[in-house]
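See below for the structure under consideration.
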Amino acid sequence: MENFSFYSPTKFVFGQDTENKCGALVREFGGSKVLLHYGGGSVVRSGLLDRVKKSLTESGISFCELGGVHPNPLDSKVYEGIELCRKESIDFIVAVGGGSTIDSAKAIAMGVPYEGDFWDFYSGKNSPKAALPVGTVLTIAAAGSEGSGDSVITKEDGMLKRGAGSDLIRPKFSVLNPALTMTLPAYQTACGATDIMAHVFERYFTNTQNVETTDRLCEAVLLSMIHETPKVIANPNDYQARANIMWAGMVAHNNIVGVGRDQDWNSHGIEHELSALYDCAHGAGLAVIMPAWMQYVVEHDVMRFAQMATRVWNCKMDFANPLKTAMDGIQAFKNFLKSIGMPLTFAELGAKEEDIPTLVKNFGIGDGETGGFVHLKAKDIENIYRLAL
Ligand code: NZQ
Ligand code: ZN
């Protein structure tokens with residue numbers, strides 16, 4: 001195991017009706033004037049936004065609103081939010097929604113105290129020195145942004161999807177009420193489940209030796225997802241399954257399952273170009289890319305893939321042919337994704353073969369290489385897109 005520091009300062013408030021504590025939580029973390037940030041309207045239709053507003057009002061906290069965050073959030077909304085926060089002297093942002101809304105809130109939070117263009121944090125030109133505090137009321141178990149120090153935004157000029165990371169944007173609090181996720185369509189629930197599993201796989205495939213504790217934590221999260229996801233697809237109102245998935249989503253991405261080891265993240269980078277170009281759901285893009293990536297890199301460490309196959313997918317170990325076991329595990333993953341309604345190919349996703357050169361170009365590594373488990377060059381990225389056709 002490698003040296004590490006683990007910092008997860010978010011206060012998680014979990015369970016039924018917890019959105020009613022929002023006002024008290026903002027007060028606890030020093031907020032007095034809130035920007036309520038939300039997406040395309042699901043939180044308005046469900047009545048959640050009204051409950052959050054009531055809670056703020058009861059705690060004597062004033063607020064203004066900015067809705068309309070697009071899934072795969074766009075820079076234009078971030079600029080709008082920065083301007084609004086400055087004009088209204090906002091000192092706290094509450095994101096009510098999914099990863100897109102939370103990421104947009106985090107971008108605004110970094111942008112408000114910064115004199116330059118917030119995109120500097122996403123292009124790698126600068127790193128933030130300050131940010132407004134952010135709290136979240138989560139409505140979908142997926143991105144893990146409720147506990148992460150990351151934010152992913154798409155720049156409309158060129159449709160470039162890029163991430164920024166800083167401990168400054170880890171939420172002060174996150175309200176996790178599993179019942180809020182019951183209104184999700186089955187497809188979106190499955191996209192979320194896929195993303196959660198991908199966050200674990202990006203960490204599981206590592207070159208670091210002697211990481212038994214985190215290996216086992218990863219496997220526990222994956223096994224829980226395999227067990228719980230079909231239940232919510234069959235019955236969206238299964239509170240207990242929703243609860244297990246919601247907590248798995250947080251655990252999968254606040255890095256507790258990834259400390260002390262190198263991690264990969266190429267599948268995410270490769271997928272982000274798909275969701276930037278086609279505006280597909282991030283989880284659906286991962287369902288297409290992650291198995292293709294696995295197939296492409298499996299021979300780098302056959303025994304690690306065989307470990308996944310036996311411990312997670314219950315495959316029988318073929319000692320004479322471990323590669324077969326490894327491939328059985330990848331196939332089991334694909335079967336699972338298919339069973340929950342996920343696409344597995346470019347065609348099912350609506351992506352086009354002729355766009356592959358654009359996708360590779362947008363990926364933007366030029367002659368360089370990227371990744372932790374296996375270093376990939378532009379040609380490898382292209383090969384993975386082609387494997388996913
Ligand atoms: O916009 P509204 O109307 O709220 O509808 C949303 C949206 O259409 C809907 N939805 C959310 N909760 C709902 C609901 N509909 C009915 N009932 C509910 N309870 O679901 C759609 C998707 O929402 P979105 O926020 O986009 O989903 P998700 O949480 O999957 O976020 C995806 C974004 O997060 C990024 C992805 O790249 C993508 O842009 N990621 C962020 C990460 C991070 N910050 O740490 C890590 C991830 O790997 C990921 O890259
Ligand atoms: Zn993800």
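Ordered as shown in the structure tokens, chains take letters A, B, and onward, while each chain numbers its residues from 1 and ligands are numbered from 1 in the order shown.
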message: Let me see if you get this right: every residue at most 6 Å from ligand 1, counting only C-alpha atoms and all ligand atoms, written as a PyMOL selection string.
response: chain A and resi 39-43+71-73+97-101+103+139-140+142-145+148+150-152+180-181+183-184+192+282
Those same residues, written as a PDB file, in the first residue's frame with N, CA and C atoms?
ATOM      1  N   GLY A  39     -31.893  21.580 -11.584  1.00  0.00           N
ATOM      2  CA  GLY A  39     -31.808  21.175 -12.990  1.00  0.00           C
ATOM      3  C   GLY A  39     -33.022  21.547 -13.814  1.00  0.00           C
ATOM      4  N   GLY A  40     -33.455  20.564 -14.618  1.00  0.00           N
ATOM      5  CA  GLY A  40     -34.494  20.846 -15.608  1.00  0.00           C
ATOM      6  C   GLY A  40     -35.913  20.815 -15.086  1.00  0.00           C
ATOM      7  N   GLY A  41     -36.108  20.604 -13.798  1.00  0.00           N
ATOM      8  CA  GLY A  41     -37.459  20.707 -13.263  1.00  0.00           C
ATOM      9  C   GLY A  41     -37.957  19.520 -12.462  1.00  0.00           C
ATOM     10  N   SER A  42     -37.186  18.417 -12.409  1.00  0.00           N
ATOM     11  CA  SER A  42     -37.693  17.257 -11.652  1.00  0.00           C
ATOM     12  C   SER A  42     -37.937  17.623 -10.185  1.00  0.00           C
ATOM     13  N   VAL A  43     -37.105  18.491  -9.624  1.00  0.00           N
ATOM     14  CA  VAL A  43     -37.264  18.827  -8.199  1.00  0.00           C
ATOM     15  C   VAL A  43     -38.423  19.795  -7.974  1.00  0.00           C
ATOM     16  N   PRO A  71     -28.311  18.207 -17.962  1.00  0.00           N
ATOM     17  CA  PRO A  71     -27.497  17.008 -17.661  1.00  0.00           C
ATOM     18  C   PRO A  71     -26.238  17.087 -18.523  1.00  0.00           C
ATOM     19  N   ASN A  72     -25.079  16.753 -18.003  1.00  0.00           N
ATOM     20  CA  ASN A  72     -23.793  17.113 -18.614  1.00  0.00           C
ATOM     21  C   ASN A  72     -23.707  18.650 -18.607  1.00  0.00           C
ATOM     22  N   PRO A  73     -23.506  19.215 -17.431  1.00  0.00           N
ATOM     23  CA  PRO A  73     -23.706  20.667 -17.248  1.00  0.00           C
ATOM     24  C   PRO A  73     -22.783  21.532 -18.095  1.00  0.00           C
ATOM     25  N   GLY A  97     -30.413  18.262  -6.598  1.00  0.00           N
ATOM     26  CA  GLY A  97     -30.475  17.480  -7.832  1.00  0.00           C
ATOM     27  C   GLY A  97     -29.401  16.421  -7.894  1.00  0.00           C
ATOM     28  N   GLY A  98     -28.978  16.133  -9.117  1.00  0.00           N
ATOM     29  CA  GLY A  98     -27.976  15.082  -9.322  1.00  0.00           C
ATOM     30  C   GLY A  98     -26.581  15.636  -9.525  1.00  0.00           C
ATOM     31  N   GLY A  99     -25.723  14.781 -10.049  1.00  0.00           N
ATOM     32  CA  GLY A  99     -24.319  15.151 -10.234  1.00  0.00           C
ATOM     33  C   GLY A  99     -24.161  16.397 -11.087  1.00  0.00           C
ATOM     34  N   SER A 100     -25.009  16.558 -12.083  1.00  0.00           N
ATOM     35  CA  SER A 100     -24.874  17.720 -12.968  1.00  0.00           C
ATOM     36  C   SER A 100     -25.115  19.018 -12.210  1.00  0.00           C
ATOM     37  N   THR A 101     -26.171  19.026 -11.413  1.00  0.00           N
ATOM     38  CA  THR A 101     -26.479  20.237 -10.642  1.00  0.00           C
ATOM     39  C   THR A 101     -25.391  20.496  -9.598  1.00  0.00           C
ATOM     40  N   ASP A 103     -22.269  19.545  -9.705  1.00  0.00           N
ATOM     41  CA  ASP A 103     -21.025  19.975 -10.360  1.00  0.00           C
ATOM     42  C   ASP A 103     -21.104  21.419 -10.822  1.00  0.00           C
ATOM     43  N   THR A 139     -30.654  13.786  -5.516  1.00  0.00           N
ATOM     44  CA  THR A 139     -31.872  13.138  -6.023  1.00  0.00           C
ATOM     45  C   THR A 139     -31.592  11.918  -6.891  1.00  0.00           C
ATOM     46  N   ILE A 140     -30.339  11.593  -7.119  1.00  0.00           N
ATOM     47  CA  ILE A 140     -30.001  10.398  -7.907  1.00  0.00           C
ATOM     48  C   ILE A 140     -28.675   9.844  -7.409  1.00  0.00           C
ATOM     49  N   ALA A 142     -25.507   8.211  -8.239  1.00  0.00           N
ATOM     50  CA  ALA A 142     -24.769   8.027  -9.498  1.00  0.00           C
ATOM     51  C   ALA A 142     -23.349   8.574  -9.397  1.00  0.00           C
ATOM     52  N   ALA A 143     -23.224   9.885  -9.627  1.00  0.00           N
ATOM     53  CA  ALA A 143     -21.922  10.510  -9.832  1.00  0.00           C
ATOM     54  C   ALA A 143     -21.047  10.514  -8.581  1.00  0.00           C
ATOM     55  N   GLY A 144     -21.657  10.486  -7.416  1.00  0.00           N
ATOM     56  CA  GLY A 144     -20.865  10.543  -6.181  1.00  0.00           C
ATOM     57  C   GLY A 144     -20.366  11.939  -5.873  1.00  0.00           C
ATOM     58  N   SER A 145     -20.862  12.931  -6.612  1.00  0.00           N
ATOM     59  CA  SER A 145     -20.393  14.306  -6.420  1.00  0.00           C
ATOM     60  C   SER A 145     -20.754  14.827  -5.029  1.00  0.00           C
ATOM     61  N   SER A 148     -17.595  14.010  -3.264  1.00  0.00           N
ATOM     62  CA  SER A 148     -16.296  14.095  -3.960  1.00  0.00           C
ATOM     63  C   SER A 148     -15.786  15.529  -4.029  1.00  0.00           C
ATOM     64  N   ASP A 150     -14.676  16.709  -6.814  1.00  0.00           N
ATOM     65  CA  ASP A 150     -14.583  16.855  -8.264  1.00  0.00           C
ATOM     66  C   ASP A 150     -15.821  17.547  -8.840  1.00  0.00           C
ATOM     67  N   SER A 151     -15.612  18.135  -9.998  1.00  0.00           N
ATOM     68  CA  SER A 151     -16.710  18.731 -10.761  1.00  0.00           C
ATOM     69  C   SER A 151     -16.373  18.572 -12.229  1.00  0.00           C
ATOM     70  N   VAL A 152     -17.382  18.207 -13.029  1.00  0.00           N
ATOM     71  CA  VAL A 152     -17.165  17.999 -14.468  1.00  0.00           C
ATOM     72  C   VAL A 152     -18.107  18.923 -15.241  1.00  0.00           C
ATOM     73  N   LEU A 180     -36.162  10.124  -2.323  1.00  0.00           N
ATOM     74  CA  LEU A 180     -36.160  11.127  -3.402  1.00  0.00           C
ATOM     75  C   LEU A 180     -35.795  10.515  -4.746  1.00  0.00           C
ATOM     76  N   THR A 181     -35.166   9.356  -4.721  1.00  0.00           N
ATOM     77  CA  THR A 181     -34.740   8.743  -5.991  1.00  0.00           C
ATOM     78  C   THR A 181     -35.832   7.863  -6.613  1.00  0.00           C
ATOM     79  N   THR A 183     -38.585   8.633  -7.955  1.00  0.00           N
ATOM     80  CA  THR A 183     -39.224   9.187  -9.162  1.00  0.00           C
ATOM     81  C   THR A 183     -38.357   9.034 -10.405  1.00  0.00           C
ATOM     82  N   LEU A 184     -37.154   8.477 -10.250  1.00  0.00           N
ATOM     83  CA  LEU A 184     -36.263   8.307 -11.410  1.00  0.00           C
ATOM     84  C   LEU A 184     -36.806   7.269 -12.385  1.00  0.00           C
ATOM     85  N   GLY A 192     -27.167   5.395 -13.301  1.00  0.00           N
ATOM     86  CA  GLY A 192     -26.513   5.726 -12.029  1.00  0.00           C
ATOM     87  C   GLY A 192     -25.774   4.533 -11.453  1.00  0.00           C
ATOM     88  N   HIS A 282     -23.976   9.889 -18.769  1.00  0.00           N
ATOM     89  CA  HIS A 282     -22.612   9.447 -18.454  1.00  0.00           C
ATOM     90  C   HIS A 282     -22.561   7.944 -18.160  1.00  0.00           C
TER      91      HIS A 282
END
- prompt: ligand 2: which residues are within 10 Å, counting only C-alpha atoms and all ligand atoms, as a PyMOL selection string?
  reply: chain A and resi 99+142-145+152+191-200+202+252-253+265+267-269+271-272+282-283+285-286
Residues of stretch 222-280 of chain A at most 8 Å from stretch 366-384 of chain A: nearest atom pair and distance in Å, only C-alpha atoms, as a Markdown table:
| residue | atom | partner | partner_atom | distance |
| --- | --- | --- | --- | --- |
| A:Asp262 | CA | A:Gly372 | CA | 6.1 |
| A:Gln263 | CA | A:Gly372 | CA | 5.2 |
| A:Asp264 | CA | A:Gly372 | CA | 4.1 |
| A:Trp265 | CA | A:Gly371 | CA | 6.3 |
| A:Asn266 | CA | A:Gly371 | CA | 5.4 |
| A:Ile270 | CA | A:Ile381 | CA | 7.1 |
Now that the selection is made, can you save its residues with N, CA, C and O atoms as a CSV table (one decimal), in the first residue's frame?
chain,number,residue,atom,x,y,z
A,262,ASP,N,-2.6,3.2,-6.9
A,262,ASP,CA,-2.8,4.0,-8.1
A,262,ASP,C,-4.1,3.6,-8.7
A,262,ASP,O,-4.7,2.5,-8.4
A,263,GLN,N,-4.7,4.5,-9.5
A,263,GLN,CA,-6.0,4.3,-10.0
A,263,GLN,C,-5.9,4.6,-11.5
A,263,GLN,O,-4.9,5.1,-12.0
A,264,ASP,N,-6.9,4.3,-12.3
A,264,ASP,CA,-6.8,4.4,-13.7
A,264,ASP,C,-7.5,5.6,-14.3
A,264,ASP,O,-6.9,6.6,-14.7
A,265,TRP,N,-8.9,5.6,-14.4
A,265,TRP,CA,-9.7,6.7,-14.9
A,265,TRP,C,-9.7,6.9,-16.4
A,265,TRP,O,-10.3,7.9,-16.9
A,266,ASN,N,-9.1,6.0,-17.2
A,266,ASN,CA,-9.2,6.2,-18.6
A,266,ASN,C,-10.6,6.0,-19.1
A,266,ASN,O,-11.0,6.7,-20.1
A,270,ILE,N,-12.4,8.6,-21.6
A,270,ILE,CA,-12.9,8.2,-22.9
A,270,ILE,C,-14.4,8.4,-23.0
A,270,ILE,O,-14.9,8.8,-24.0
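Minimum atom-to-atom distance to A:Gly60, evaluated using only C-alpha atoms, belongs to A:Arg27 out of A:Arg386, A:Lys21, A:Lys361, A:Arg27.
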query: Among stretch 61-145 of chain A, which ones does DSSP place in helix (DSSP H, G or I), written as a VMD selection string?
result: chain A and resid 75 to 88 99 to 111 120 to 123
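Atom CA of A:Met182 is positioned 5.5 Å from atom CA of A:Pro236.
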query: Which distance in Å separates atom CA of A:Asp91 and atom CA of A:Ser104, to one decimal?
result: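 It comes out at 16.0 Å.
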task: Kindly indicate which residue among A:Ala284, A:Ala320, A:Leu35, A:Ala164 lies nearest to A:Glu88, using only C-alpha atoms for the distances.
output: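 Nearest to A:Glu88: A:Leu35.
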message: Excluding A:Ile256 and its own-chain neighbours fewer than 4 positions away, which residues fall within 10 Å of it when counting only C-alpha atoms? Please give them as a list of chain:residue names.
response: A:Phe6, A:Tyr7, A:Ser8, A:Thr214, A:Leu217, A:Cys218, A:Met250, A:Val251, A:Ala252, A:Gly260
Fewer than 6 positions away in the same chain doesn't count, so skip those; otherwise give me all residues within 12 Å of A:Phe319, counting only C-alpha atoms, as a PDB file with C-alpha atoms, in the first residue's frame.
ATOM      1  CA  VAL A 302      -4.823 -11.307 -16.057  1.00  0.00           C
ATOM      2  CA  MET A 303      -4.826 -12.382 -12.416  1.00  0.00           C
ATOM      3  CA  ALA A 306      -9.526 -13.212 -12.704  1.00  0.00           C
ATOM      4  CA  GLN A 307      -9.784 -12.031  -9.090  1.00  0.00           C
ATOM      5  CA  THR A 310     -14.165 -15.057  -9.109  1.00  0.00           C
ATOM      6  CA  THR A 325     -11.632 -16.721 -16.193  1.00  0.00           C
ATOM      7  CA  ALA A 326     -10.740 -13.052 -16.664  1.00  0.00           C
TER       8      ALA A 326
END
task: Quick one: pick out all strand (DSSP E or B) residues within stretch 43-240 of chain A from a backbone DSSP run and write them as a PyMOL selection string.
output: chain A and resi 62-66+74+92-97+134-138+150-155+160-165+173-176
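Every protein, DNA or RNA residue with an atom at most 8 Å from A:His37, where only C-alpha atoms count and chain neighbours fewer than 5 positions away do not, is listed here: Glu65, Leu66, Gly67, Val69, Ile93, Val94, Ala95, Val96, Thr101 and Ala105 of chain A.
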Please produce an output containing N, CA and C atoms for each residue in the selection, written as an mmCIF file, in the first residue's frame.
data_model
loop_
_atom_site.group_PDB
_atom_site.id
_atom_site.type_symbol
_atom_site.label_atom_id
_atom_site.label_comp_id
_atom_site.auth_asym_id
_atom_site.auth_seq_id
_atom_site.Cartn_x
_atom_site.Cartn_y
_atom_site.Cartn_z
ATOM 1 N N GLU A 65 -32.883 31.794 -6.644
ATOM 2 C CA GLU A 65 -32.900 30.512 -7.362
ATOM 3 C C GLU A 65 -32.247 30.604 -8.720
ATOM 4 N N LEU A 66 -31.604 29.516 -9.106
ATOM 5 C CA LEU A 66 -31.150 29.385 -10.494
ATOM 6 C C LEU A 66 -31.345 27.927 -10.912
ATOM 7 N N GLY A 67 -32.363 27.710 -11.748
ATOM 8 C CA GLY A 67 -32.619 26.370 -12.267
ATOM 9 C C GLY A 67 -32.077 26.232 -13.675
ATOM 10 N N VAL A 69 -30.123 23.676 -14.951
ATOM 11 C CA VAL A 69 -28.847 22.990 -15.223
ATOM 12 C C VAL A 69 -29.128 21.807 -16.141
ATOM 13 N N ILE A 93 -24.080 27.956 -1.444
ATOM 14 C CA ILE A 93 -24.842 27.401 -2.574
ATOM 15 C C ILE A 93 -25.407 26.044 -2.173
ATOM 16 N N VAL A 94 -26.694 25.853 -2.394
ATOM 17 C CA VAL A 94 -27.306 24.542 -2.161
ATOM 18 C C VAL A 94 -27.740 23.972 -3.510
ATOM 19 N N ALA A 95 -27.152 22.851 -3.874
ATOM 20 C CA ALA A 95 -27.508 22.162 -5.113
ATOM 21 C C ALA A 95 -28.589 21.140 -4.796
ATOM 22 N N VAL A 96 -29.722 21.224 -5.479
ATOM 23 C CA VAL A 96 -30.815 20.261 -5.278
ATOM 24 C C VAL A 96 -30.959 19.473 -6.570
ATOM 25 N N THR A 101 -26.171 19.026 -11.413
ATOM 26 C CA THR A 101 -26.479 20.237 -10.642
ATOM 27 C C THR A 101 -25.391 20.496 -9.598
ATOM 28 N N ALA A 105 -22.922 23.687 -9.373
ATOM 29 C CA ALA A 105 -22.818 24.468 -8.129
ATOM 30 C C ALA A 105 -21.356 24.600 -7.691
#
Can you tell me, as a PDB file with N, CA and C atoms, in the first residue's frame, what residues are no more than 8 Å from A:Pro343 when counting only C-alpha atoms, ignoring any on the same chain fewer than 2 positions away?
ATOM      1  N   ALA A 284     -24.576   5.590 -19.192  1.00  0.00           N
ATOM      2  CA  ALA A 284     -24.808   4.810 -20.418  1.00  0.00           C
ATOM      3  C   ALA A 284     -23.529   4.757 -21.249  1.00  0.00           C
ATOM      4  N   ALA A 287     -21.253   2.245 -19.774  1.00  0.00           N
ATOM      5  CA  ALA A 287     -21.643   0.861 -20.049  1.00  0.00           C
ATOM      6  C   ALA A 287     -21.077   0.390 -21.384  1.00  0.00           C
ATOM      7  N   VAL A 288     -20.924   1.331 -22.307  1.00  0.00           N
ATOM      8  CA  VAL A 288     -20.364   1.003 -23.620  1.00  0.00           C
ATOM      9  C   VAL A 288     -18.824   0.931 -23.544  1.00  0.00           C
ATOM     10  N   LEU A 337     -24.966  -5.549 -17.177  1.00  0.00           N
ATOM     11  CA  LEU A 337     -25.361  -4.242 -17.726  1.00  0.00           C
ATOM     12  C   LEU A 337     -26.568  -4.391 -18.650  1.00  0.00           C
ATOM     13  N   LYS A 338     -26.515  -5.430 -19.477  1.00  0.00           N
ATOM     14  CA  LYS A 338     -27.637  -5.668 -20.399  1.00  0.00           C
ATOM     15  C   LYS A 338     -28.923  -5.945 -19.607  1.00  0.00           C
ATOM     16  N   GLY A 341     -30.736  -2.988 -18.571  1.00  0.00           N
ATOM     17  CA  GLY A 341     -31.211  -2.095 -19.643  1.00  0.00           C
ATOM     18  C   GLY A 341     -30.190  -1.125 -20.192  1.00  0.00           C
ATOM     19  N   THR A 345     -23.164  -0.997 -27.020  1.00  0.00           N
ATOM     20  CA  THR A 345     -22.452  -0.682 -28.260  1.00  0.00           C
ATOM     21  C   THR A 345     -22.676   0.778 -28.662  1.00  0.00           C
ATOM     22  N   GLU A 348     -26.166   1.266 -30.062  1.00  0.00           N
ATOM     23  CA  GLU A 348     -27.239   1.353 -29.056  1.00  0.00           C
ATOM     24  C   GLU A 348     -27.236   2.704 -28.350  1.00  0.00           C
ATOM     25  N   LEU A 349     -26.054   3.308 -28.284  1.00  0.00           N
ATOM     26  CA  LEU A 349     -25.924   4.605 -27.610  1.00  0.00           C
ATOM     27  C   LEU A 349     -26.285   5.761 -28.533  1.00  0.00           C
TER      28      LEU A 349
END
- prompt: Leaving out A:Arg86 and any residue of its chain fewer than 4 positions from it, which residues lie within 9 Å of it when counting only C-alpha atoms, given as a ChimeraX atom specification?
  reply: /A:81-82,90,112-113
- request: Tell me which of A:Val221, A:Leu84, A:Leu323, A:Ile330 sits closest to A:Met294, counting only C-alpha atoms.
  value: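 Under the stated criterion, the closest residue is A:Ile330.
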- prompt: Of the candidates A:Tyr385, A:Phe205, A:Cys280, A:Asn210, which one gets nearest to A:Phe305 if we count only C-alpha atoms?
  reply: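 Of A:Tyr385, A:Phe205, A:Cys280, A:Asn210, the one nearest A:Phe305, counting only C-alpha atoms, is A:Phe205.
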message: I need the residue nearest A:Gly249 from this list: A:Ala220, A:Ala141, A:Ile169, A:Ile356. Use only C-alpha atoms for the distance.
response: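 The answer is A:Ala141, which sits nearest to A:Gly249.
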- request: Work out how far atom CA of A:Tyr38 is from atom CA of A:Thr154, in Å to one decimal.
  value: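 Distance reported for this atom pair: 16.8 Å.
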